[in-house]
$ cat data37.cif   # mmCIF, C-alpha atoms
data_coords
loop_
_atom_site.group_PDB
_atom_site.id
_atom_site.type_symbol
_atom_site.label_atom_id
_atom_site.label_comp_id
_atom_site.auth_asym_id
_atom_site.auth_seq_id
_atom_site.Cartn_x
_atom_site.Cartn_y
_atom_site.Cartn_z
ATOM 1 C CA MET A 1279 -99.888 19.645 -200.172
ATOM 2 C CA ASP A 1280 -98.414 23.148 -200.246
ATOM 3 C CA SER A 1281 -99.599 23.798 -196.641
ATOM 4 C CA ARG A 1282 -96.520 21.838 -195.539
ATOM 5 C CA PHE A 1283 -94.316 24.042 -197.668
ATOM 6 C CA ARG A 1284 -95.654 27.218 -196.094
ATOM 7 C CA LEU A 1285 -95.198 25.781 -192.575
ATOM 8 C CA ILE A 1286 -91.578 24.924 -193.399
ATOM 9 C CA LEU A 1287 -91.132 28.365 -194.945
ATOM 10 C CA ILE A 1288 -92.496 30.127 -191.844
ATOM 11 C CA CYS A 1289 -90.093 28.143 -189.644
ATOM 12 C CA CYS A 1290 -87.153 29.071 -191.887
ATOM 13 C CA LEU A 1291 -88.076 32.734 -191.884
ATOM 14 C CA SER A 1292 -88.579 32.801 -188.111
ATOM 15 C CA THR A 1293 -85.068 31.544 -187.363
ATOM 16 C CA VAL A 1294 -83.553 34.518 -189.179
ATOM 17 C CA SER A 1295 -84.585 36.908 -186.402
ATOM 18 C CA ILE A 1296 -83.406 34.866 -183.371
ATOM 19 C CA TRP A 1297 -80.007 36.401 -182.648
ATOM 20 C CA SER A 1298 -78.392 38.364 -179.820
ATOM 21 C CA GLN A 1299 -78.842 42.113 -180.268
ATOM 22 C CA SER A 1300 -75.232 42.953 -179.412
ATOM 23 C CA LYS A 1301 -73.602 40.994 -182.259
ATOM 24 C CA ILE A 1302 -76.182 40.778 -184.957
ATOM 25 C CA ASP A 1303 -75.362 43.968 -186.892
ATOM 26 C CA THR A 1304 -71.783 42.846 -187.523
ATOM 27 C CA PHE A 1305 -72.827 39.280 -188.172
ATOM 28 C CA LEU A 1306 -75.530 40.236 -190.687
ATOM 29 C CA LYS A 1307 -73.328 42.507 -192.777
ATOM 30 C CA PRO A 1308 -72.773 40.814 -196.166
ATOM 31 C CA SER A 1309 -69.182 40.018 -197.029
ATOM 32 C CA ASP A 1310 -67.567 42.220 -199.710
ATOM 33 C CA SER A 1311 -65.832 39.184 -201.184
ATOM 34 C CA ILE A 1312 -66.320 35.483 -200.899
ATOM 35 C CA ASN A 1313 -66.074 34.300 -197.312
ATOM 36 C CA ASN A 1314 -65.338 30.589 -197.413
ATOM 37 C CA SER A 1315 -66.381 29.919 -193.829
ATOM 38 C CA ARG A 1316 -69.708 31.650 -194.364
ATOM 39 C CA ARG A 1317 -70.254 29.920 -197.697
ATOM 40 C CA ASN A 1318 -69.513 26.523 -196.167
ATOM 41 C CA ALA A 1319 -71.824 27.291 -193.266
ATOM 42 C CA VAL A 1320 -74.628 28.192 -195.679
ATOM 43 C CA VAL A 1321 -74.154 25.035 -197.745
ATOM 44 C CA ILE A 1322 -73.934 22.750 -194.698
ATOM 45 C CA THR A 1323 -76.908 24.403 -192.987
ATOM 46 C CA GLU A 1324 -79.166 24.324 -196.050
ATOM 47 C CA THR A 1325 -78.198 20.742 -196.903
ATOM 48 C CA SER A 1326 -78.751 19.586 -193.315
ATOM 49 C CA LEU A 1327 -82.090 21.360 -192.930
ATOM 50 C CA ALA A 1328 -83.346 20.102 -196.292
ATOM 51 C CA SER A 1329 -82.244 16.531 -195.519
ATOM 52 C CA LEU A 1330 -83.756 16.543 -192.033
ATOM 53 C CA THR A 1331 -86.987 18.029 -193.359
ATOM 54 C CA LEU A 1332 -87.291 15.430 -196.110
ATOM 55 C CA VAL A 1333 -86.513 12.585 -193.708
ATOM 56 C CA GLY A 1334 -89.047 14.014 -191.276
ATOM 57 C CA LEU A 1335 -91.699 14.230 -193.971
ATOM 58 C CA ASP A 1336 -90.986 10.666 -195.033
ATOM 59 C CA GLN A 1337 -91.219 9.293 -191.506
ATOM 60 C CA LEU A 1338 -93.885 11.512 -189.955
ATOM 61 C CA TRP A 1339 -96.125 12.443 -192.898
ATOM 62 C CA TYR A 1340 -95.902 9.885 -195.693
ATOM 63 C CA ALA A 1341 -95.577 6.935 -193.282
ATOM 64 C CA ASP A 1342 -99.271 7.415 -192.406
ATOM 65 C CA PHE A 1343 -100.310 6.809 -196.014
ATOM 66 C CA GLU A 1344 -100.007 3.759 -198.233
ATOM 67 C CA ARG A 1345 -97.086 3.739 -200.656
ATOM 68 C CA SER A 1346 -97.501 2.967 -204.332
ATOM 69 C CA LYS A 1347 -95.610 2.699 -207.590
ATOM 70 C CA PHE A 1348 -94.574 6.058 -208.994
ATOM 71 C CA LYS A 1349 -97.523 7.755 -210.651
ATOM 72 C CA THR A 1350 -98.540 11.161 -211.927
ATOM 73 C CA ILE A 1351 -101.816 13.011 -211.430
ATOM 74 C CA ASP A 1352 -103.548 15.944 -213.068
ATOM 75 C CA ASP A 1353 -104.779 18.226 -210.286
ATOM 76 C CA THR A 1354 -104.756 21.407 -212.351
ATOM 77 C CA ASP A 1355 -108.454 22.073 -211.730
ATOM 78 C CA GLU A 1356 -108.377 21.696 -207.933
ATOM 79 C CA TRP A 1357 -109.069 24.498 -205.434
ATOM 80 C CA LEU A 1358 -109.505 27.045 -208.261
ATOM 81 C CA GLN A 1359 -105.698 26.966 -208.566
ATOM 82 C CA MET A 1360 -105.148 28.413 -205.097
ATOM 83 C CA ASP A 1361 -102.855 25.495 -204.251
ATOM 84 C CA LYS A 1362 -100.755 26.306 -207.316
ATOM 85 C CA LEU A 1363 -100.313 29.880 -206.104
ATOM 86 C CA GLY A 1364 -99.100 28.370 -202.833
ATOM 87 C CA HIS A 1365 -96.402 26.513 -204.752
ATOM 88 C CA VAL A 1366 -95.370 29.671 -206.608
ATOM 89 C CA PHE A 1367 -95.172 31.586 -203.325
ATOM 90 C CA SER A 1368 -93.149 28.888 -201.547
ATOM 91 C CA SER A 1369 -90.681 28.465 -204.402
ATOM 92 C CA TYR A 1370 -90.217 32.229 -204.730
ATOM 93 C CA GLN A 1371 -89.628 32.792 -201.008
ATOM 94 C CA LEU A 1372 -87.300 29.804 -200.554
ATOM 95 C CA GLY A 1373 -85.315 30.945 -203.581
ATOM 96 C CA LYS A 1374 -85.056 34.416 -202.102
ATOM 97 C CA ILE A 1375 -83.740 32.952 -198.840
ATOM 98 C CA GLY A 1376 -81.166 30.872 -200.722
ATOM 99 C CA ALA A 1377 -79.929 33.806 -202.807
ATOM 100 C CA ASN A 1378 -79.756 36.159 -199.809
ATOM 101 C CA ALA A 1379 -77.805 33.600 -197.792
ATOM 102 C CA LEU A 1380 -75.154 33.340 -200.520
ATOM 103 C CA HIS A 1381 -75.101 37.135 -200.875
ATOM 104 C CA TRP A 1382 -74.302 37.309 -197.152
ATOM 105 C CA ALA A 1383 -71.429 34.901 -197.781
ATOM 106 C CA GLY A 1384 -69.989 37.112 -200.532
ATOM 107 C CA VAL A 1385 -70.742 34.686 -203.346
ATOM 108 C CA SER A 1386 -70.913 36.155 -206.868
ATOM 109 C CA LYS A 1387 -74.285 37.249 -208.239
ATOM 110 C CA ASN A 1388 -74.345 34.534 -210.900
ATOM 111 C CA ASP A 1389 -73.732 31.845 -208.292
ATOM 112 C CA GLN A 1390 -76.375 33.350 -206.031
ATOM 113 C CA LEU A 1391 -78.926 32.853 -208.791
ATOM 114 C CA LEU A 1392 -77.619 29.469 -209.911
ATOM 115 C CA TYR A 1393 -77.182 27.803 -206.529
ATOM 116 C CA GLY A 1394 -79.259 29.946 -204.173
ATOM 117 C CA ALA A 1395 -82.363 31.097 -206.017
ATOM 118 C CA THR A 1396 -83.034 27.520 -207.157
ATOM 119 C CA LEU A 1397 -83.278 26.305 -203.547
ATOM 120 C CA GLY A 1398 -87.072 26.321 -203.611
ATOM 121 C CA LEU A 1399 -87.316 24.503 -206.935
ATOM 122 C CA GLY A 1400 -84.876 21.816 -205.836
ATOM 123 C CA PHE A 1401 -86.494 21.214 -202.464
ATOM 124 C CA LEU A 1402 -90.062 21.206 -203.769
ATOM 125 C CA THR A 1403 -89.078 18.838 -206.581
ATOM 126 C CA ALA A 1404 -87.877 16.349 -203.958
ATOM 127 C CA VAL A 1405 -91.186 16.658 -202.113
ATOM 128 C CA GLU A 1406 -93.064 16.205 -205.382
ATOM 129 C CA LEU A 1407 -91.158 12.952 -205.978
ATOM 130 C CA PHE A 1408 -92.299 11.774 -202.558
ATOM 131 C CA ASP A 1409 -95.857 12.522 -203.631
ATOM 132 C CA GLY A 1410 -95.321 10.401 -206.719
ATOM 133 C CA TYR A 1411 -94.771 7.312 -204.577
ATOM 134 C CA SER A 1412 -97.765 7.966 -202.315
ATOM 135 C CA GLU A 1413 -101.125 6.305 -202.939
ATOM 136 C CA GLU A 1414 -102.866 9.385 -201.533
ATOM 137 C CA TRP A 1415 -101.340 11.816 -204.052
ATOM 138 C CA GLY A 1416 -99.062 11.628 -207.077
ATOM 139 C CA PHE A 1417 -96.425 13.560 -208.955
ATOM 140 C CA SER A 1418 -98.079 16.680 -210.364
ATOM 141 C CA TRP A 1419 -96.637 18.385 -213.420
ATOM 142 C CA SER A 1420 -98.791 21.442 -212.720
ATOM 143 C CA ASP A 1421 -97.214 21.679 -209.264
ATOM 144 C CA MET A 1422 -93.800 21.512 -210.907
ATOM 145 C CA ALA A 1423 -94.790 24.265 -213.332
ATOM 146 C CA ALA A 1424 -95.867 26.403 -210.374
ATOM 147 C CA ASN A 1425 -92.577 25.720 -208.579
ATOM 148 C CA ALA A 1426 -90.636 26.739 -211.681
ATOM 149 C CA THR A 1427 -92.762 29.895 -211.993
ATOM 150 C CA GLY A 1428 -91.876 31.003 -208.468
ATOM 151 C CA THR A 1429 -88.172 30.450 -209.093
ATOM 152 C CA GLY A 1430 -88.425 32.205 -212.457
ATOM 153 C CA LEU A 1431 -90.175 35.194 -210.887
ATOM 154 C CA TYR A 1432 -87.198 35.777 -208.608
ATOM 155 C CA ILE A 1433 -84.385 35.022 -211.071
ATOM 156 C CA GLY A 1434 -86.056 36.883 -213.935
ATOM 157 C CA GLN A 1435 -86.279 40.130 -211.988
ATOM 158 C CA GLU A 1436 -82.675 39.895 -210.843
ATOM 159 C CA LEU A 1437 -81.517 39.411 -214.432
ATOM 160 C CA LEU A 1438 -83.792 42.133 -215.796
ATOM 161 C CA TRP A 1439 -83.620 44.811 -213.084
ATOM 162 C CA ASP A 1440 -81.001 43.601 -210.569
ATOM 163 C CA GLU A 1441 -83.679 43.959 -207.862
ATOM 164 C CA GLN A 1442 -87.065 42.623 -206.837
ATOM 165 C CA ARG A 1443 -89.510 45.243 -208.061
ATOM 166 C CA ILE A 1444 -92.453 42.854 -207.776
ATOM 167 C CA VAL A 1445 -92.593 40.866 -204.545
ATOM 168 C CA MET A 1446 -94.884 37.910 -203.958
ATOM 169 C CA LYS A 1447 -96.801 38.157 -200.683
ATOM 170 C CA TYR A 1448 -99.437 36.310 -198.675
ATOM 171 C CA SER A 1449 -102.359 37.312 -196.470
ATOM 172 C CA PHE A 1450 -105.038 35.393 -194.590
ATOM 173 C CA HIS A 1451 -108.385 35.864 -192.890
ATOM 174 C CA GLN A 1452 -110.554 33.249 -191.194
ATOM 175 C CA THR A 1453 -113.692 32.053 -192.959
ATOM 176 C CA GLN A 1454 -116.829 30.081 -192.163
ATOM 177 C CA PHE A 1455 -115.792 27.183 -194.374
ATOM 178 C CA ALA A 1456 -113.143 25.719 -192.055
ATOM 179 C CA ASN A 1457 -115.780 25.115 -189.367
ATOM 180 C CA GLN A 1458 -117.837 23.181 -191.885
ATOM 181 C CA ARG A 1459 -114.970 20.844 -192.782
ATOM 182 C CA PRO A 1460 -112.150 21.171 -190.206
ATOM 183 C CA ASP A 1461 -110.577 17.832 -191.198
ATOM 184 C CA LYS A 1462 -109.765 19.246 -194.641
ATOM 185 C CA LEU A 1463 -109.542 23.003 -194.092
ATOM 186 C CA GLY A 1464 -107.979 23.126 -190.641
ATOM 187 C CA ASP A 1465 -109.031 23.251 -187.002
ATOM 188 C CA GLY A 1466 -107.848 26.443 -185.295
ATOM 189 C CA PHE A 1467 -106.180 29.564 -186.629
ATOM 190 C CA LEU A 1468 -102.736 28.122 -187.432
ATOM 191 C CA GLU A 1469 -104.089 25.087 -189.288
ATOM 192 C CA GLU A 1470 -106.627 27.223 -191.122
ATOM 193 C CA MET A 1471 -103.932 29.673 -192.165
ATOM 194 C CA LEU A 1472 -102.096 26.796 -193.846
ATOM 195 C CA LYS A 1473 -105.017 24.734 -195.165
ATOM 196 C CA ASP A 1474 -108.079 26.940 -195.745
ATOM 197 C CA TYR A 1475 -107.701 28.211 -199.291
ATOM 198 C CA ASN A 1476 -110.896 30.244 -198.852
ATOM 199 C CA GLY A 1477 -109.109 32.660 -196.539
ATOM 200 C CA GLN A 1478 -105.790 32.896 -198.368
ATOM 201 C CA THR A 1479 -104.845 35.640 -200.807
ATOM 202 C CA TYR A 1480 -101.683 35.707 -202.875
ATOM 203 C CA TRP A 1481 -100.357 39.073 -204.023
ATOM 204 C CA LEU A 1482 -97.988 40.526 -206.556
ATOM 205 C CA SER A 1483 -96.849 43.668 -204.775
ATOM 206 C CA ALA A 1484 -95.194 46.108 -207.192
ATOM 207 C CA ASN A 1485 -92.968 48.919 -205.948
ATOM 208 C CA VAL A 1486 -94.064 52.151 -207.609
ATOM 209 C CA HIS A 1487 -90.825 54.120 -207.168
ATOM 210 C CA SER A 1488 -88.715 51.390 -208.789
ATOM 211 C CA PHE A 1489 -90.715 51.825 -211.997
ATOM 212 C CA PHE A 1490 -90.796 55.639 -211.798
ATOM 213 C CA LYS A 1491 -87.354 56.568 -210.481
ATOM 214 C CA GLU A 1492 -87.832 60.326 -210.916
ATOM 215 C CA SER A 1493 -91.122 60.480 -209.066
ATOM 216 C CA LYS A 1494 -91.559 61.854 -205.540
ATOM 217 C CA ILE A 1495 -93.533 58.809 -204.480
ATOM 218 C CA PRO A 1496 -92.088 57.325 -201.273
ATOM 219 C CA LYS A 1497 -89.764 54.447 -202.041
ATOM 220 C CA TRP A 1498 -91.714 52.065 -199.824
ATOM 221 C CA ILE A 1499 -95.156 52.487 -201.438
ATOM 222 C CA ASN A 1500 -96.424 49.490 -203.422
ATOM 223 C CA VAL A 1501 -99.497 48.702 -205.489
ATOM 224 C CA ALA A 1502 -100.675 45.138 -204.914
ATOM 225 C CA PHE A 1503 -102.702 42.834 -207.157
ATOM 226 C CA GLY A 1504 -104.245 39.876 -205.353
ATOM 227 C CA TYR A 1505 -105.950 36.595 -206.196
ATOM 228 C CA GLY A 1506 -108.159 34.549 -203.910
ATOM 229 C CA ALA A 1507 -111.125 32.188 -204.068
ATOM 230 C CA GLU A 1508 -114.101 31.298 -201.888
ATOM 231 C CA GLY A 1509 -116.856 28.737 -201.474
ATOM 232 C CA MET A 1510 -114.535 25.724 -201.616
ATOM 233 C CA ARG A 1511 -115.033 22.759 -199.311
ATOM 234 C CA THR A 1512 -113.475 20.241 -201.669
ATOM 235 C CA GLY A 1513 -110.691 20.355 -204.229
ATOM 236 C CA ARG A 1514 -113.054 19.900 -207.150
ATOM 237 C CA LYS A 1515 -116.708 20.806 -207.562
ATOM 238 C CA GLU A 1516 -118.006 17.327 -206.990
ATOM 239 C CA ASN A 1517 -120.292 15.658 -204.491
ATOM 240 C CA VAL A 1518 -118.215 14.728 -201.466
ATOM 241 C CA ASP A 1519 -120.163 14.109 -198.252
ATOM 242 C CA ASN A 1520 -123.156 15.887 -199.803
ATOM 243 C CA LEU A 1521 -121.250 19.160 -199.975
ATOM 244 C CA LEU A 1522 -122.005 19.933 -203.618
ATOM 245 C CA ILE A 1523 -125.309 21.685 -202.987
ATOM 246 C CA THR A 1524 -123.699 24.219 -200.648
ATOM 247 C CA GLN A 1525 -120.673 25.038 -202.783
ATOM 248 C CA ASN A 1526 -120.712 28.391 -204.544
ATOM 249 C CA ARG A 1527 -117.158 28.573 -205.781
ATOM 250 C CA ARG A 1528 -115.852 31.852 -207.158
ATOM 251 C CA ARG A 1529 -112.584 33.545 -207.970
ATOM 252 C CA GLN A 1530 -111.721 36.897 -206.401
ATOM 253 C CA PHE A 1531 -109.361 39.564 -207.708
ATOM 254 C CA TYR A 1532 -108.072 42.437 -205.581
ATOM 255 C CA LEU A 1533 -106.445 45.830 -205.995
ATOM 256 C CA SER A 1534 -104.862 47.410 -202.941
ATOM 257 C CA LEU A 1535 -101.938 49.408 -201.570
ATOM 258 C CA ASP A 1536 -99.032 47.868 -199.718
ATOM 259 C CA VAL A 1537 -95.713 48.711 -198.055
ATOM 260 C CA ASP A 1538 -92.372 47.274 -199.125
ATOM 261 C CA LEU A 1539 -90.765 47.016 -195.701
ATOM 262 C CA SER A 1540 -87.378 46.167 -197.216
ATOM 263 C CA ARG A 1541 -87.199 49.683 -198.729
ATOM 264 C CA ILE A 1542 -87.670 51.529 -195.435
ATOM 265 C CA LYS A 1543 -84.383 53.268 -194.629
ATOM 266 C CA THR A 1544 -82.625 52.226 -191.432
ATOM 267 C CA ASN A 1545 -78.997 51.892 -190.357
ATOM 268 C CA SER A 1546 -79.821 48.873 -188.214
ATOM 269 C CA ARG A 1547 -79.174 45.558 -189.895
ATOM 270 C CA VAL A 1548 -81.338 43.957 -187.226
ATOM 271 C CA LEU A 1549 -84.321 45.996 -188.393
ATOM 272 C CA ARG A 1550 -83.470 45.345 -192.028
ATOM 273 C CA THR A 1551 -83.556 41.624 -191.366
ATOM 274 C CA VAL A 1552 -86.813 41.860 -189.409
ATOM 275 C CA PHE A 1553 -88.366 43.957 -192.180
ATOM 276 C CA ASP A 1554 -87.209 41.441 -194.785
ATOM 277 C CA VAL A 1555 -88.759 38.572 -192.807
ATOM 278 C CA LEU A 1556 -92.064 40.403 -192.344
ATOM 279 C CA ASN A 1557 -92.114 41.490 -195.975
ATOM 280 C CA VAL A 1558 -93.630 38.151 -197.009
ATOM 281 C CA ILE A 1559 -96.940 39.334 -195.494
ATOM 282 C CA LYS A 1560 -99.223 41.745 -197.329
ATOM 283 C CA LEU A 1561 -100.147 44.481 -194.846
ATOM 284 C CA PRO A 1562 -103.856 45.151 -194.228
ATOM 285 C CA PHE A 1563 -105.120 48.040 -196.358
ATOM 286 C CA PRO A 1564 -108.365 49.065 -198.028
ATOM 287 C CA ALA A 1565 -108.941 46.952 -201.137
ATOM 288 C CA ILE A 1566 -111.290 46.684 -204.082
ATOM 289 C CA GLU A 1567 -112.503 43.166 -204.838
ATOM 290 C CA PHE A 1568 -113.757 42.021 -208.230
ATOM 291 C CA ASN A 1569 -115.742 38.812 -208.713
ATOM 292 C CA LYS A 1570 -118.416 37.524 -211.089
ATOM 293 C CA ARG A 1571 -121.082 37.258 -208.422
ATOM 294 C CA ASN A 1572 -120.994 40.752 -206.899
ATOM 295 C CA GLY A 1573 -118.969 42.769 -209.409
ATOM 296 C CA ALA A 1574 -116.876 45.333 -207.535
ATOM 297 C CA LYS A 1575 -116.833 45.436 -203.745
ATOM 298 C CA LEU A 1576 -114.937 47.771 -201.422
ATOM 299 C CA HIS A 1577 -113.226 46.425 -198.310
ATOM 300 C CA TYR A 1578 -112.432 49.221 -195.868
ATOM 301 C CA ILE A 1579 -109.667 47.006 -194.503
ATOM 302 C CA TYR A 1580 -108.651 43.684 -196.009
ATOM 303 C CA PHE A 1581 -106.489 40.984 -194.486
#

$ encode --input "data37.cif" --output "structure tokens"
Amino acid sequence: MDSRFRLILICCLSTVSIWSQSKIDTFLKPSDSINNSRRNAVVITETSLASLTLVGLDQLWYADFERSKFKTIDDTDEWLQMDKLGHVFSSYQLGKIGANALHWAGVSKNDQLLYGATLGLGFLTAVELFDGYSEEWGFSWSDMAANATGTGLYIGQELLWDEQRIVMKYSFHQTQFANQRPDKLGDGFLEEMLKDYNGQTYWLSANVHSFFKESKIPKWINVAFGYGAEGMRTGRKENVDNLLITQNRRRQFYLSLDVDLSRIKTNSRVLRTVFDVLNVIKLPFPAIEFNKRNGAKLHYIYF
């Protein structure tokens, strides 16, 4: 289900960069004190977008599936937990958007964290409730735990360090598995990017300079730790359409370098915004992969 969240997230992030060049620098400058018109605009915009999205999901997505009484499910063991990482990522990034929007409006730091950084948790909770009334799915407590983890990752760092030293990122490469089951894993690059867990990698990208302030390491250099999985054609390792015999499911762990685009110095607020939008993507770099099947494996370039 988190493929919908990432699609919504990508749409939200894309709108940030669609502004006229001549006015954007002034417009993007955060207010030094609370700006009521900006704050009201943020609240109205977020409420409207969330409401329209939920109504759209109800009418266009859930309407195609049979409704049921509210129920819960235990899907903790599905997709080698890749779907849970998707929930963490979505909650973290939506919370970051919410907090940054209130920062732009001049809202106090405490209110940014209380009302902005919880945007992802609130929205994804509503979607999870929809799942609870769907015969196809159900309310998942493990999904909720993942949503809370993403929100906690953002808020915890702000309380501890007053900055995001560890950023959650995403990368994707196409795999052979989507062609074998396009109805489940996607048909075409965009669908596969959202649905094919075999090609997704989720990263914790840690900024080196923020931990070693006195070092001469460039402020934009990060070390990234990634998690992925492969060999999955079904959520669980069970016989669905005779796929069990071909499934060789395995977890993959990665170590790589990365760039924190938000720490690249520039006087242009346009570029700062663009860098912040693009910073959700882990840049391709050489990487070392660790898995039980092959041990250590070097990727000269990894997407």

$ closest_atom_pairs --input "data37.cif" --of "stretch 1295-1404 of chain A" --to "stretch 1554-1559 of chain A" --cutoff "12 Å" --atoms "all atoms listed in the file" --output "tab-separated table"
residue	atom	partner	partner_atom	distance
A:Ser1295	CA	A:Val1555	CA	7.8
A:Ile1296	CA	A:Val1555	CA	11.5
A:Phe1367	CA	A:Val1558	CA	9.2
A:Ser1368	CA	A:Val1558	CA	10.3
A:Tyr1370	CA	A:Val1558	CA	10.3
A:Gln1371	CA	A:Val1558	CA	7.8
A:Leu1372	CA	A:Val1558	CA	11.1
A:Lys1374	CA	A:Asp1554	CA	10.4
A:Ile1375	CA	A:Val1555	CA	9.7
A:Asn1378	CA	A:Asp1554	CA	10.4

$ residues_around --input "data37.cif" --residues "A:Met1471" --least-positions-apart "4" --cutoff "9 Å" --atoms "only C-alpha atoms" --output "PyMOL selection string"
chain A and resi 1281+1449-1452+1463-1464+1466-1467+1475+1477-1478

$ residues_near_point --input "data37.cif" --point "(-110.0, 43.1, -207.6)" --cutoff "12 Å" --atoms "all atoms listed in the file" --output "MDAnalysis selection string"
chainID A and resid 1479 1481 1502:1507 1529:1535 1564:1570 1572:1577 1580

$ resolve_selection --input "data37.cif" --expression "the PyMOL selection byres ((chain A and resi 1326-1329) around 10)" --output "number ranges by chain"
A: 1286, 1290, 1320-1325, 1330-1335, 1397, 1400-1401, 1404

$ resolve_selection --input "data37.cif" --expression "the PyMOL selection byres ((chain A and resi 1456) around 9)" --output "MDAnalysis selection string"
chainID A and resid 1452:1455 1457:1466 1470 1473:1474 1476 1511

$ atom_distance --input "data37.cif" --atom1 "atom CA of A:Ile1351" --atom2 "atom CA of A:Arg1514"
13.9 Å

$ axis_aligned_box --input "data37.cif" --around "stretch 1536-1543 of chain A" --padding-each-side "8 Å" --output "AutoDock Vina command-line options"
--center_x -91.7 --center_y 49.7 --center_z -197.2 --size_x 30.6 --size_y 23.1 --size_z 21.1

$ atom_distance --input "data37.cif" --atom1 "atom CA of A:Ser1493" --atom2 "atom CA of A:Gln1435"
21.1 Å

$ closest_residue --input "data37.cif" --among "A:Ala1426, A:Ser1420, A:Ser1412, A:Ile1433" --to "A:Leu1391" --atoms "all atoms listed in the file"
A:Ile1433

$ atom_distance --input "data37.cif" --atom1 "atom CA of A:Ile1312" --atom2 "atom CA of A:Ser1386"
7.6 Å

$ closest_residue --input "data37.cif" --among "A:Glu1356, A:Leu1472, A:Val1405, A:Asp1538" --to "A:Arg1443" --atoms "all atoms listed in the file"
A:Asp1538

$ closest_residue --input "data37.cif" --among "A:Asp1440, A:Asp1353, A:Asp1536, A:Glu1413" --to "A:Val1486" --atoms "only C-alpha atoms"
A:Asp1536

$ resolve_selection --input "data37.cif" --expression "the PyMOL selection byres ((chain A and resi 1345) around 12)" --output "VMD selection string"
chain A and resid 1336 1339 to 1344 1346 to 1349 1408 to 1416
